[in-house]
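Before any comments, here is the structure.
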There are 2 protein chains.
Amino acid sequence: MPTLLLDKERCLRNIEKMAGKADHHRLSFRPHCKTHQSATVGSWFREFGISRITVSSFRMAEYFAGSGWRDILVAFPLNPKKSGTLDRIADKCNISILVDNPEILPFLISIRHRVKFYIDIDTGYGRTGVKAEHPEQVEEIIRLSGKNKNLEFAGFYCHAGHSYRAKNAEERSAIHAKAIGDLNRLKEQFRNHSPRILYGDTPNCSTQADFDGIDEITPGNFVFYDLFQHSIGSCGLEEIAVAMACPLVSRYPENKRLVIHGGAVHFSKETVERNGRPVYGQLILKSAKGWEPYPGEHYLDSISQEHGVMENTGVLFDRTGIGDQLYFLPVHSCLTANLMKEYVTLDGEIIDTIHT
Amino acid sequence: MPTLLLDKERCLRNIEKMAGKADHHRLSFRPHCKTHQSATVGSWFREFGISRITVSSFRMAEYFAGSGWRDILVAFPLNPKKSGTLDRIADKCNISILVDNPEILPFLISIRHRVKFYIDIDTGYGRTGVKAEHPEQVEEIIRLSGKNKNLEFAGFYCHAGHSYRAKNAEERSAIHAKAIGDLNRLKEQFRNHSPRILYGDTPNCSTQADFDGIDEITPGNFVFYDLFQHSIGSCGLEEIAVAMACPLVSRYPENKRLVIHGGAVHFSKETVERNGRPVYGQLILKSAKGWEPYPGEHYLDSISQEHGVMENTGVLFDRTGIGDQLYFLPVHSCLTANLMKEYVTLDGEIIDTIHT
């Protein structure tokens with residue numbers, strides 16, 4: 001079976017670096033846990049003084065509350081049918097939620113615990129959030145929330161996820177600058193509420209230097225990084241902390257094709273472009289201490305449900321035999337981790353997740 | 001949480017139709033279980049007299065052996081490290097495997113049970129298999145396997161998966177005709193071994209009428225079908241037997257955007273093209289008895305890890321409210337089922353899988 005390896009040293013370095021950056025910019029650090037989804041990996045953050053986390057579902061909130069976290073932001077629009085769950089978790093810890101639509105407020109009228117909410121702001125991503133250009137909608141949400149004594153407006157949250165689509169560093173910096181500008185304008189407009197500003201996708205938190213006016217950052221993927229983050233300049237290949245170990249199950253001399261056990265149910269179907277074509281993973285050379293890119297750049301060219309295929313592997317072909325393990329950096333570590341359900345460290349320790 | 005609904009009536013009709021087609025063409029029917037991965041759904045096949053199944057991993061083989069199946073083909077190249085597992089399962093049932101490379105044979109020297117093997121034939125798909133144009137490689141595998149008394153050559157297996165890439169019915173028919181021709185030529189060349197011919201992806205098994213020389217068909221996806229199969233003409237929309245139920249969590253009047261809880265960790269990242277752009281699911285109208293396409297064709301336009309987004313929804317927008325359930329046909333039912341881990345029937349019954 002394919003296995004998801006976790007290089008704990010690299011992972012700790014990634015956490016340390018981001019925690020250090022937050023300190024340097026005097027930002028609070030509320031890492032997003034949707035990438036690792038693991039109580040054990042979560043516990044590593046505590047060593048760096050982290051006491052607040054972000055999650056993307058109530059299921060994750062319950063899981064992490066169960067492992068001792070006492071300040072959790074659910075960064076996903078509330079499903080009105082979940083107000084009971086919200087109350088149950090709020091009984092155990094400080095839970096905060098996102099609101100971006102006054103329609104949700106009547107569903108919160110019956111909550112029994114005091115809950116902080118952040119207004120989700122859209123600075124151009126176009127997924128969720130009140131458009132930054134519409135402060136009157138922010139005003140309306142704050143006004144209507146005032147009818148519910150258990151709701152406390154705490155500030156603004158922004159995930160500038162269009163940073164993932166930026167074509168180059170300049171474009172990403174422009175996305176970042178607009179977000180910072182928008183959020184600071186709102187902070188000023190609503191200063192009588194002393195709003196906190198929560199911000200931070202992995203690309204921007206990894207690469208930007210100006211966090212003026214931001215109070216707290218919430219990146220998640222940086223804990224492992226992946227080929228996609230590398231492709232947009234968020235990290236070096238040597239910072240990617242997870243790798244798939246897949247058995248080589250057949251070899252075809254004619255076109256030097258290698259077939260591994262490792263497909264869409266292991267890697268996910270996410271691709272990144274390399275040399276003008278989509279690939280599903282990059283081959284690495286594993287040593288006892290970690291890994292490095294395999295010389296000559298080899299990629300996983302196609303996958304189906306269980307199969308992975310590498311074409312025209314050249315001299316690599318002759319160095320392999322059926323039954324060998326091949327190792328690959330995944331394209332999107334969040335989705336790969338979600339599919340693989342557990343990690344194995346380089347020391348052979350099995351790391352649990354919400355799925356195990 | 002998103003839920004994967006299973007319309008048992010449609011599913012039974014799909015099984016009945018394929019079993020009927022097999023009967024009509026006097027083919028044995030060995031359905032592939034990788035799509036449903038469920039002992040319960042598997043048991044529905046028994047009502048149609050099915051006693052043989054196909055799976056794509058030893059883990060699946062053990063799971064289905066545990067629910068009483070006694071004739072299982074593992075249609076995936078054997079990982080040499082799994083010969084112990086092979087023996088363990090062979091202790092309980094008739095297990096057959098695929099071989100497409102003489103390199104695997106030495107690893108099988110220690111098996112203690114008699115195991116049938118089929119030689120995997122590549123008629124143009126280019127994933128696994130001995131190329132049909134190289135009967136000398138077939139000869140070599142049969143000759144070398146003769147050294148192992150526990151290995152029994154049983155015939156040829158072919159998954160003509162390039163049928164999924166065919167641009168139209170003519171192209172698919174040409175792929176099918178070549179496969180049938182290749183397999184019959186091999187059957188004739190190796191007639192002294194009385195080889196059985198196992199064949200059959202869902203597109204070809206659903207649409208072709210000539211199965212001359214084929215002994216057994218092994219399609220899998222047809223049990224549920226999906227938007228992709230529909231897009232290439234394998235099924236009608238009304239034959240798709242699974243649908244995602246996703247809560248509507250926010251609404252944005254400006255561009256009539258709807259956001260659901262339902263993302264890449266529920267649907268998978270598989271897309272199909274509709275009106276020149278990739279979509280992740282098609283909106284349907286659910287009734288107590290089943291579902292039908294939502295009038296006007298509405299699609300899931302983009303997804304991230306947990307979010308699904310529909311843009312410019314027009315009159316649909318005004319008919320919705322936060323907390324509503326929206327229902328979607330998935331693009332690739334195999335991957336969606338694998339992620340969702342269980343089904344809920346229209347009667348509310350929870351159906352287990354290998355993951356539960």
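Letters A, B, ... go to the chains of the structure tokens in the order shown; residues in each chain start at 1; ligands are counted from 1 in the same order.
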**Request:** May I have all residues of region 122-262 of chain B that DSSP, computed from the backbone, assigns to helix (DSSP H, G or I), given as a PyMOL selection string?
**Result:** chain B and resi 135-145+161-165+169-189+191-193+202-207+221-223+227-231+237-239+253-255
Hey, what's within 9 Å of region 287-302 of chain A if we count only C-alpha atoms and toss same-chain stuff fewer than 5 positions away? As a PDB file with all heavy atoms, in the first residue's frame, please?
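Contents of selection-v7.pdb, freshly written:
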ATOM      1  N   ASP A   7       8.324  13.993   7.257  1.00  0.00           N
ATOM      2  CA  ASP A   7       9.639  14.345   7.786  1.00  0.00           C
ATOM      3  C   ASP A   7       9.408  15.357   8.913  1.00  0.00           C
ATOM      4  O   ASP A   7       9.207  16.551   8.671  1.00  0.00           O
ATOM      5  CB  ASP A   7      10.490  14.944   6.658  1.00  0.00           C
ATOM      6  CG  ASP A   7      11.902  15.260   7.113  1.00  0.00           C
ATOM      7  OD1 ASP A   7      12.114  15.529   8.322  1.00  0.00           O
ATOM      8  OD2 ASP A   7      12.809  15.268   6.256  1.00  0.00           O
ATOM      9  N   GLU A   9      11.297  16.656  11.135  1.00  0.00           N
ATOM     10  CA  GLU A   9      12.270  17.754  11.254  1.00  0.00           C
ATOM     11  C   GLU A   9      11.890  18.916  10.337  1.00  0.00           C
ATOM     12  O   GLU A   9      11.891  20.073  10.738  1.00  0.00           O
ATOM     13  CB  GLU A   9      13.680  17.257  10.881  1.00  0.00           C
ATOM     14  CG  GLU A   9      14.253  16.206  11.817  1.00  0.00           C
ATOM     15  CD  GLU A   9      14.419  16.732  13.231  1.00  0.00           C
ATOM     16  OE1 GLU A   9      14.916  17.864  13.376  1.00  0.00           O
ATOM     17  OE2 GLU A   9      14.010  16.017  14.179  1.00  0.00           O
ATOM     18  N   ARG A  10      11.590  18.567   9.087  1.00  0.00           N
ATOM     19  CA  ARG A  10      11.200  19.629   8.138  1.00  0.00           C
ATOM     20  C   ARG A  10       9.928  20.325   8.597  1.00  0.00           C
ATOM     21  O   ARG A  10       9.796  21.545   8.502  1.00  0.00           O
ATOM     22  CB  ARG A  10      10.925  19.035   6.749  1.00  0.00           C
ATOM     23  CG  ARG A  10      12.179  18.639   6.007  1.00  0.00           C
ATOM     24  CD  ARG A  10      11.826  18.084   4.624  1.00  0.00           C
ATOM     25  NE  ARG A  10      12.932  17.270   4.166  1.00  0.00           N
ATOM     26  CZ  ARG A  10      13.509  17.371   2.967  1.00  0.00           C
ATOM     27  NH1 ARG A  10      13.040  18.216   2.089  1.00  0.00           N
ATOM     28  NH2 ARG A  10      14.518  16.610   2.638  1.00  0.00           N
ATOM     29  N   LEU A 237      11.825  23.384  -2.630  1.00  0.00           N
ATOM     30  CA  LEU A 237      11.506  21.950  -2.664  1.00  0.00           C
ATOM     31  C   LEU A 237      11.935  21.282  -1.363  1.00  0.00           C
ATOM     32  O   LEU A 237      11.299  20.347  -0.876  1.00  0.00           O
ATOM     33  CB  LEU A 237      12.221  21.261  -3.838  1.00  0.00           C
ATOM     34  CG  LEU A 237      11.568  21.300  -5.219  1.00  0.00           C
ATOM     35  CD1 LEU A 237      12.409  20.511  -6.202  1.00  0.00           C
ATOM     36  CD2 LEU A 237      10.141  20.752  -5.194  1.00  0.00           C
ATOM     37  N   GLU A 238      13.045  21.781  -0.792  1.00  0.00           N
ATOM     38  CA  GLU A 238      13.595  21.170   0.424  1.00  0.00           C
ATOM     39  C   GLU A 238      12.751  21.455   1.660  1.00  0.00           C
ATOM     40  O   GLU A 238      12.991  20.891   2.725  1.00  0.00           O
ATOM     41  CB  GLU A 238      15.048  21.623   0.632  1.00  0.00           C
ATOM     42  CG  GLU A 238      15.225  23.060   1.104  1.00  0.00           C
ATOM     43  CD  GLU A 238      14.920  24.124   0.027  1.00  0.00           C
ATOM     44  OE1 GLU A 238      14.700  23.749  -1.143  1.00  0.00           O
ATOM     45  OE2 GLU A 238      14.895  25.318   0.371  1.00  0.00           O
ATOM     46  N   ALA A 243       5.925  13.131   1.773  1.00  0.00           N
ATOM     47  CA  ALA A 243       6.220  12.444   0.507  1.00  0.00           C
ATOM     48  C   ALA A 243       5.482  11.117   0.487  1.00  0.00           C
ATOM     49  O   ALA A 243       5.316  10.463   1.522  1.00  0.00           O
ATOM     50  CB  ALA A 243       7.722  12.215   0.360  1.00  0.00           C
ATOM     51  N   GLY A 263      -2.513   6.121  -6.853  1.00  0.00           N
ATOM     52  CA  GLY A 263      -3.381   6.737  -7.855  1.00  0.00           C
ATOM     53  C   GLY A 263      -4.201   7.872  -7.268  1.00  0.00           C
ATOM     54  O   GLY A 263      -3.816   8.486  -6.270  1.00  0.00           O
ATOM     55  N   ARG A 274       4.497  21.154 -15.236  1.00  0.00           N
ATOM     56  CA  ARG A 274       5.957  21.064 -15.311  1.00  0.00           C
ATOM     57  C   ARG A 274       6.319  20.853 -16.773  1.00  0.00           C
ATOM     58  O   ARG A 274       5.785  19.926 -17.410  1.00  0.00           O
ATOM     59  CB  ARG A 274       6.482  19.874 -14.500  1.00  0.00           C
ATOM     60  CG  ARG A 274       6.503  20.096 -13.010  1.00  0.00           C
ATOM     61  CD  ARG A 274       7.615  21.087 -12.605  1.00  0.00           C
ATOM     62  NE  ARG A 274       7.916  21.040 -11.186  1.00  0.00           N
ATOM     63  CZ  ARG A 274       7.281  21.753 -10.252  1.00  0.00           C
ATOM     64  NH1 ARG A 274       6.317  22.566 -10.583  1.00  0.00           N
ATOM     65  NH2 ARG A 274       7.642  21.653  -8.982  1.00  0.00           N
ATOM     66  N   ARG A 277       3.313  20.494 -19.148  1.00  0.00           N
ATOM     67  CA  ARG A 277       2.278  19.459 -19.042  1.00  0.00           C
ATOM     68  C   ARG A 277       1.931  19.204 -17.578  1.00  0.00           C
ATOM     69  O   ARG A 277       2.763  19.434 -16.695  1.00  0.00           O
ATOM     70  CB  ARG A 277       2.724  18.175 -19.754  1.00  0.00           C
ATOM     71  CG  ARG A 277       3.991  17.629 -19.223  1.00  0.00           C
ATOM     72  CD  ARG A 277       4.692  16.636 -20.146  1.00  0.00           C
ATOM     73  NE  ARG A 277       5.972  16.321 -19.554  1.00  0.00           N
ATOM     74  CZ  ARG A 277       6.178  15.407 -18.612  1.00  0.00           C
ATOM     75  NH1 ARG A 277       5.188  14.662 -18.170  1.00  0.00           N
ATOM     76  NH2 ARG A 277       7.385  15.203 -18.106  1.00  0.00           N
ATOM     77  N   PRO A 278       0.700  18.735 -17.331  1.00  0.00           N
ATOM     78  CA  PRO A 278       0.298  18.516 -15.941  1.00  0.00           C
ATOM     79  C   PRO A 278       0.965  17.272 -15.359  1.00  0.00           C
ATOM     80  O   PRO A 278       1.062  16.252 -16.046  1.00  0.00           O
ATOM     81  CB  PRO A 278      -1.216  18.312 -16.035  1.00  0.00           C
ATOM     82  CG  PRO A 278      -1.454  17.825 -17.429  1.00  0.00           C
ATOM     83  CD  PRO A 278      -0.377  18.408 -18.286  1.00  0.00           C
ATOM     84  N   VAL A 279       1.424  17.365 -14.121  1.00  0.00           N
ATOM     85  CA  VAL A 279       2.000  16.200 -13.440  1.00  0.00           C
ATOM     86  C   VAL A 279       1.334  16.048 -12.067  1.00  0.00           C
ATOM     87  O   VAL A 279       0.761  16.999 -11.537  1.00  0.00           O
ATOM     88  CB  VAL A 279       3.539  16.312 -13.275  1.00  0.00           C
ATOM     89  CG1 VAL A 279       4.210  16.482 -14.630  1.00  0.00           C
ATOM     90  CG2 VAL A 279       3.919  17.454 -12.333  1.00  0.00           C
ATOM     91  N   TYR A 280       1.448  14.832 -11.507  1.00  0.00           N
ATOM     92  CA  TYR A 280       0.757  14.488 -10.263  1.00  0.00           C
ATOM     93  C   TYR A 280       1.699  14.319  -9.078  1.00  0.00           C
ATOM     94  O   TYR A 280       1.245  14.065  -7.959  1.00  0.00           O
ATOM     95  CB  TYR A 280      -0.056  13.215 -10.470  1.00  0.00           C
ATOM     96  CG  TYR A 280      -1.139  13.377 -11.507  1.00  0.00           C
ATOM     97  CD1 TYR A 280      -0.873  13.192 -12.864  1.00  0.00           C
ATOM     98  CD2 TYR A 280      -2.416  13.767 -11.131  1.00  0.00           C
ATOM     99  CE1 TYR A 280      -1.866  13.378 -13.823  1.00  0.00           C
ATOM    100  CE2 TYR A 280      -3.410  13.947 -12.073  1.00  0.00           C
ATOM    101  CZ  TYR A 280      -3.127  13.750 -13.418  1.00  0.00           C
ATOM    102  OH  TYR A 280      -4.106  13.946 -14.354  1.00  0.00           O
ATOM    103  N   GLY A 281       2.999  14.433  -9.312  1.00  0.00           N
ATOM    104  CA  GLY A 281       3.975  14.280  -8.237  1.00  0.00           C
ATOM    105  C   GLY A 281       5.370  14.346  -8.835  1.00  0.00           C
ATOM    106  O   GLY A 281       5.537  14.193 -10.051  1.00  0.00           O
ATOM    107  N   GLN A 282       6.365  14.609  -7.982  1.00  0.00           N
ATOM    108  CA  GLN A 282       7.762  14.647  -8.449  1.00  0.00           C
ATOM    109  C   GLN A 282       8.573  13.599  -7.698  1.00  0.00           C
ATOM    110  O   GLN A 282       8.521  13.519  -6.459  1.00  0.00           O
ATOM    111  CB  GLN A 282       8.368  16.045  -8.225  1.00  0.00           C
ATOM    112  CG  GLN A 282       9.855  16.080  -8.624  1.00  0.00           C
ATOM    113  CD  GLN A 282      10.430  17.481  -8.731  1.00  0.00           C
ATOM    114  OE1 GLN A 282       9.730  18.463  -8.550  1.00  0.00           O
ATOM    115  NE2 GLN A 282      11.708  17.566  -9.032  1.00  0.00           N
ATOM    116  N   HIS A 307      -3.607   3.283 -10.024  1.00  0.00           N
ATOM    117  CA  HIS A 307      -2.334   3.256 -10.748  1.00  0.00           C
ATOM    118  C   HIS A 307      -1.720   4.642 -10.886  1.00  0.00           C
ATOM    119  O   HIS A 307      -2.428   5.619 -11.122  1.00  0.00           O
ATOM    120  CB  HIS A 307      -2.518   2.779 -12.198  1.00  0.00           C
ATOM    121  CG  HIS A 307      -3.114   1.416 -12.381  1.00  0.00           C
ATOM    122  ND1 HIS A 307      -4.436   1.152 -12.178  1.00  0.00           N
ATOM    123  CD2 HIS A 307      -2.555   0.251 -12.791  1.00  0.00           C
ATOM    124  CE1 HIS A 307      -4.679  -0.140 -12.446  1.00  0.00           C
ATOM    125  NE2 HIS A 307      -3.554  -0.708 -12.817  1.00  0.00           N
ATOM    126  N   GLY A 308      -0.389   4.695 -10.836  1.00  0.00           N
ATOM    127  CA  GLY A 308       0.356   5.886 -11.230  1.00  0.00           C
ATOM    128  C   GLY A 308       1.354   5.485 -12.306  1.00  0.00           C
ATOM    129  O   GLY A 308       1.953   4.409 -12.228  1.00  0.00           O
ATOM    130  N   VAL A 309       1.545   6.349 -13.302  1.00  0.00           N
ATOM    131  CA  VAL A 309       2.389   6.001 -14.447  1.00  0.00           C
ATOM    132  C   VAL A 309       3.455   7.068 -14.696  1.00  0.00           C
ATOM    133  O   VAL A 309       3.157   8.267 -14.701  1.00  0.00           O
ATOM    134  CB  VAL A 309       1.526   5.843 -15.729  1.00  0.00           C
ATOM    135  CG1 VAL A 309       2.400   5.474 -16.926  1.00  0.00           C
ATOM    136  CG2 VAL A 309       0.437   4.790 -15.523  1.00  0.00           C
ATOM    137  N   MET A 310       4.697   6.608 -14.869  1.00  0.00           N
ATOM    138  CA  MET A 310       5.789   7.481 -15.305  1.00  0.00           C
ATOM    139  C   MET A 310       6.242   6.993 -16.670  1.00  0.00           C
ATOM    140  O   MET A 310       6.550   5.809 -16.839  1.00  0.00           O
ATOM    141  CB  MET A 310       6.977   7.375 -14.347  1.00  0.00           C
ATOM    142  CG  MET A 310       6.647   7.793 -12.931  1.00  0.00           C
ATOM    143  SD  MET A 310       8.066   7.470 -11.838  1.00  0.00           S
ATOM    144  CE  MET A 310       9.131   8.824 -12.319  1.00  0.00           C
ATOM    145  N   GLU A 311       6.313   7.897 -17.646  1.00  0.00           N
ATOM    146  CA  GLU A 311       6.666   7.525 -19.015  1.00  0.00           C
ATOM    147  C   GLU A 311       8.123   7.887 -19.308  1.00  0.00           C
ATOM    148  O   GLU A 311       8.658   8.838 -18.736  1.00  0.00           O
ATOM    149  CB  GLU A 311       5.788   8.289 -20.014  1.00  0.00           C
ATOM    150  CG  GLU A 311       4.293   8.077 -19.847  1.00  0.00           C
ATOM    151  CD  GLU A 311       3.783   6.784 -20.469  1.00  0.00           C
ATOM    152  OE1 GLU A 311       4.598   5.998 -20.994  1.00  0.00           O
ATOM    153  OE2 GLU A 311       2.563   6.565 -20.406  1.00  0.00           O
ATOM    154  N   THR A 313      11.273   6.986 -18.758  1.00  0.00           N
ATOM    155  CA  THR A 313      12.057   7.313 -17.567  1.00  0.00           C
ATOM    156  C   THR A 313      13.571   7.222 -17.793  1.00  0.00           C
ATOM    157  O   THR A 313      14.342   7.448 -16.858  1.00  0.00           O
ATOM    158  CB  THR A 313      11.645   6.400 -16.394  1.00  0.00           C
ATOM    159  OG1 THR A 313      11.761   5.042 -16.823  1.00  0.00           O
ATOM    160  CG2 THR A 313      10.221   6.681 -15.957  1.00  0.00           C
ATOM    161  N   LEU A 316      16.724   6.119 -15.364  1.00  0.00           N
ATOM    162  CA  LEU A 316      16.036   5.714 -14.133  1.00  0.00           C
ATOM    163  C   LEU A 316      15.476   4.300 -14.278  1.00  0.00           C
ATOM    164  O   LEU A 316      15.544   3.484 -13.353  1.00  0.00           O
ATOM    165  CB  LEU A 316      14.898   6.703 -13.835  1.00  0.00           C
ATOM    166  CG  LEU A 316      13.862   6.283 -12.789  1.00  0.00           C
ATOM    167  CD1 LEU A 316      14.496   6.230 -11.390  1.00  0.00           C
ATOM    168  CD2 LEU A 316      12.675   7.255 -12.771  1.00  0.00           C
ATOM    169  N   TYR A 327       9.451   7.275  -4.348  1.00  0.00           N
ATOM    170  CA  TYR A 327       8.991   8.340  -3.456  1.00  0.00           C
ATOM    171  C   TYR A 327       8.669   9.593  -4.256  1.00  0.00           C
ATOM    172  O   TYR A 327       9.426   9.969  -5.158  1.00  0.00           O
ATOM    173  CB  TYR A 327      10.078   8.647  -2.419  1.00  0.00           C
ATOM    174  CG  TYR A 327      10.438   7.437  -1.582  1.00  0.00           C
ATOM    175  CD1 TYR A 327      11.414   6.537  -2.004  1.00  0.00           C
ATOM    176  CD2 TYR A 327       9.762   7.169  -0.396  1.00  0.00           C
ATOM    177  CE1 TYR A 327      11.725   5.411  -1.257  1.00  0.00           C
ATOM    178  CE2 TYR A 327      10.060   6.041   0.363  1.00  0.00           C
ATOM    179  CZ  TYR A 327      11.046   5.160  -0.078  1.00  0.00           C
ATOM    180  OH  TYR A 327      11.332   4.046   0.670  1.00  0.00           O
ATOM    181  N   PHE A 328       7.566  10.244  -3.902  1.00  0.00           N
ATOM    182  CA  PHE A 328       7.108  11.405  -4.672  1.00  0.00           C
ATOM    183  C   PHE A 328       6.646  12.536  -3.751  1.00  0.00           C
ATOM    184  O   PHE A 328       5.961  12.288  -2.754  1.00  0.00           O
ATOM    185  CB  PHE A 328       5.900  11.031  -5.545  1.00  0.00           C
ATOM    186  CG  PHE A 328       6.194   9.971  -6.553  1.00  0.00           C
ATOM    187  CD1 PHE A 328       6.071   8.619  -6.217  1.00  0.00           C
ATOM    188  CD2 PHE A 328       6.609  10.305  -7.839  1.00  0.00           C
ATOM    189  CE1 PHE A 328       6.343   7.630  -7.142  1.00  0.00           C
ATOM    190  CE2 PHE A 328       6.885   9.313  -8.770  1.00  0.00           C
ATOM    191  CZ  PHE A 328       6.763   7.980  -8.428  1.00  0.00           C
ATOM    192  N   LEU A 329       6.983  13.758  -4.131  1.00  0.00           N
ATOM    193  CA  LEU A 329       6.387  14.920  -3.481  1.00  0.00           C
ATOM    194  C   LEU A 329       4.986  15.093  -4.061  1.00  0.00           C
ATOM    195  O   LEU A 329       4.812  15.039  -5.285  1.00  0.00           O
ATOM    196  CB  LEU A 329       7.222  16.177  -3.753  1.00  0.00           C
ATOM    197  CG  LEU A 329       8.666  16.132  -3.251  1.00  0.00           C
ATOM    198  CD1 LEU A 329       9.397  17.414  -3.660  1.00  0.00           C
ATOM    199  CD2 LEU A 329       8.725  15.938  -1.746  1.00  0.00           C
ATOM    200  N   LEU A 346       9.833   9.427   9.548  1.00  0.00           N
ATOM    201  CA  LEU A 346      11.044   8.748   9.067  1.00  0.00           C
ATOM    202  C   LEU A 346      11.546   7.735  10.089  1.00  0.00           C
ATOM    203  O   LEU A 346      12.306   6.824   9.753  1.00  0.00           O
ATOM    204  CB  LEU A 346      12.126   9.779   8.740  1.00  0.00           C
ATOM    205  CG  LEU A 346      11.739  10.787   7.632  1.00  0.00           C
ATOM    206  CD1 LEU A 346      12.896  11.722   7.341  1.00  0.00           C
ATOM    207  CD2 LEU A 346      11.307  10.069   6.361  1.00  0.00           C
TER     208      LEU A 346
END
**Message:** Using only C-alpha atoms and a cut-off of 9 Å, which residues of chain A sit close to chain B? Please list them as number ranges by chain.
**Reply:** A: 1, 34, 56-57, 59, 76-81, 100-101, 103-104, 127-130, 247-252, 257, 259-261, 264-265, 268-270, 305-309, 321-323, 334-335, 338-339
**Request:** May I have the residues within 8 Å of Tyr118 (chain A) as a ChimeraX atom specification, using only C-alpha atoms and disregarding those fewer than 2 positions away in the same chain?
**Result:** /A:96-99,116,120,153-157
Restricting the output to N, CA, C and O atoms, write the selected residues as a CSV table (one decimal), in the first residue's frame.
chain,number,residue,atom,x,y,z
A,96,SER,N,-15.0,30.7,17.7
A,96,SER,CA,-15.4,31.8,17.0
A,96,SER,C,-15.8,31.4,15.6
A,96,SER,O,-15.3,30.3,15.1
A,97,ILE,N,-16.6,32.1,14.9
A,97,ILE,CA,-17.2,31.7,13.6
A,97,ILE,C,-17.0,32.9,12.6
A,97,ILE,O,-16.7,34.0,13.0
A,98,LEU,N,-17.3,32.6,11.4
A,98,LEU,CA,-17.3,33.6,10.3
A,98,LEU,C,-18.8,33.9,10.0
A,98,LEU,O,-19.6,33.0,9.9
A,99,VAL,N,-19.0,35.2,9.7
A,99,VAL,CA,-20.3,35.6,9.2
A,99,VAL,C,-20.1,36.5,7.9
A,99,VAL,O,-19.2,37.3,8.0
A,116,LYS,N,-17.8,34.6,19.6
A,116,LYS,CA,-17.3,35.7,18.8
A,116,LYS,C,-17.5,35.4,17.3
A,116,LYS,O,-17.4,34.3,16.9
A,120,ASP,N,-16.3,37.9,7.4
A,120,ASP,CA,-15.4,37.4,6.3
A,120,ASP,C,-15.4,38.5,5.2
A,120,ASP,O,-16.5,38.9,4.7
A,153,PHE,N,-19.1,40.8,17.9
A,153,PHE,CA,-18.3,41.1,16.7
A,153,PHE,C,-16.9,41.3,17.1
A,153,PHE,O,-16.6,42.2,18.0
A,154,ALA,N,-16.0,40.5,16.6
A,154,ALA,CA,-14.6,40.5,17.0
A,154,ALA,C,-13.6,41.1,16.0
A,154,ALA,O,-12.5,41.5,16.3
A,155,GLY,N,-14.1,41.2,14.7
A,155,GLY,CA,-13.2,41.8,13.7
A,155,GLY,C,-13.4,41.2,12.3
A,155,GLY,O,-14.5,40.8,12.0
A,156,PHE,N,-12.4,41.3,11.5
A,156,PHE,CA,-12.5,40.9,10.1
A,156,PHE,C,-11.5,39.7,9.8
A,156,PHE,O,-10.4,39.7,10.4
A,157,TYR,N,-12.0,38.9,8.9
A,157,TYR,CA,-11.2,37.7,8.5
A,157,TYR,C,-11.1,37.8,7.0
A,157,TYR,O,-12.1,38.1,6.3
**Separation of CA of Glu47 (chain A) from CA of Ser28 (chain A) in Å** = 15.1 Å
**Item:** Selection near Ile180 (chain B), 12 Å with only C-alpha atoms, sequence-local residues under 3 positions removed, as a ChimeraX atom specification
**Value:** /B:121-124,132,156-160,173-177,183-187,197-200,204,208-215
**Item:** Separation of CA of Thr3 (chain A) from CA of Gly42 (chain A) in Å
**Value:** 20.4 Å
**Request:** Please return as a PyMOL selection string: the residues of region 64-238 of chain A that backbone DSSP assigns to strand (DSSP E or B).
**Result:** chain A and resi 71-77+94-99+115-122+130-131+151-158+196-199+216-217
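If you measure from each of A:Glu62, A:His266, A:Gly84, A:Ile119 to Lys341 (chain A) using only C-alpha atoms, the closest one turns out to be A:His266.
Of the residues under consideration (B:Leu151, B:Ile350, B:Ile109, B:Pro203), B:Pro203 shows the shortest atom-to-atom contact distance to Asn221 (chain B) when counting only C-alpha atoms.
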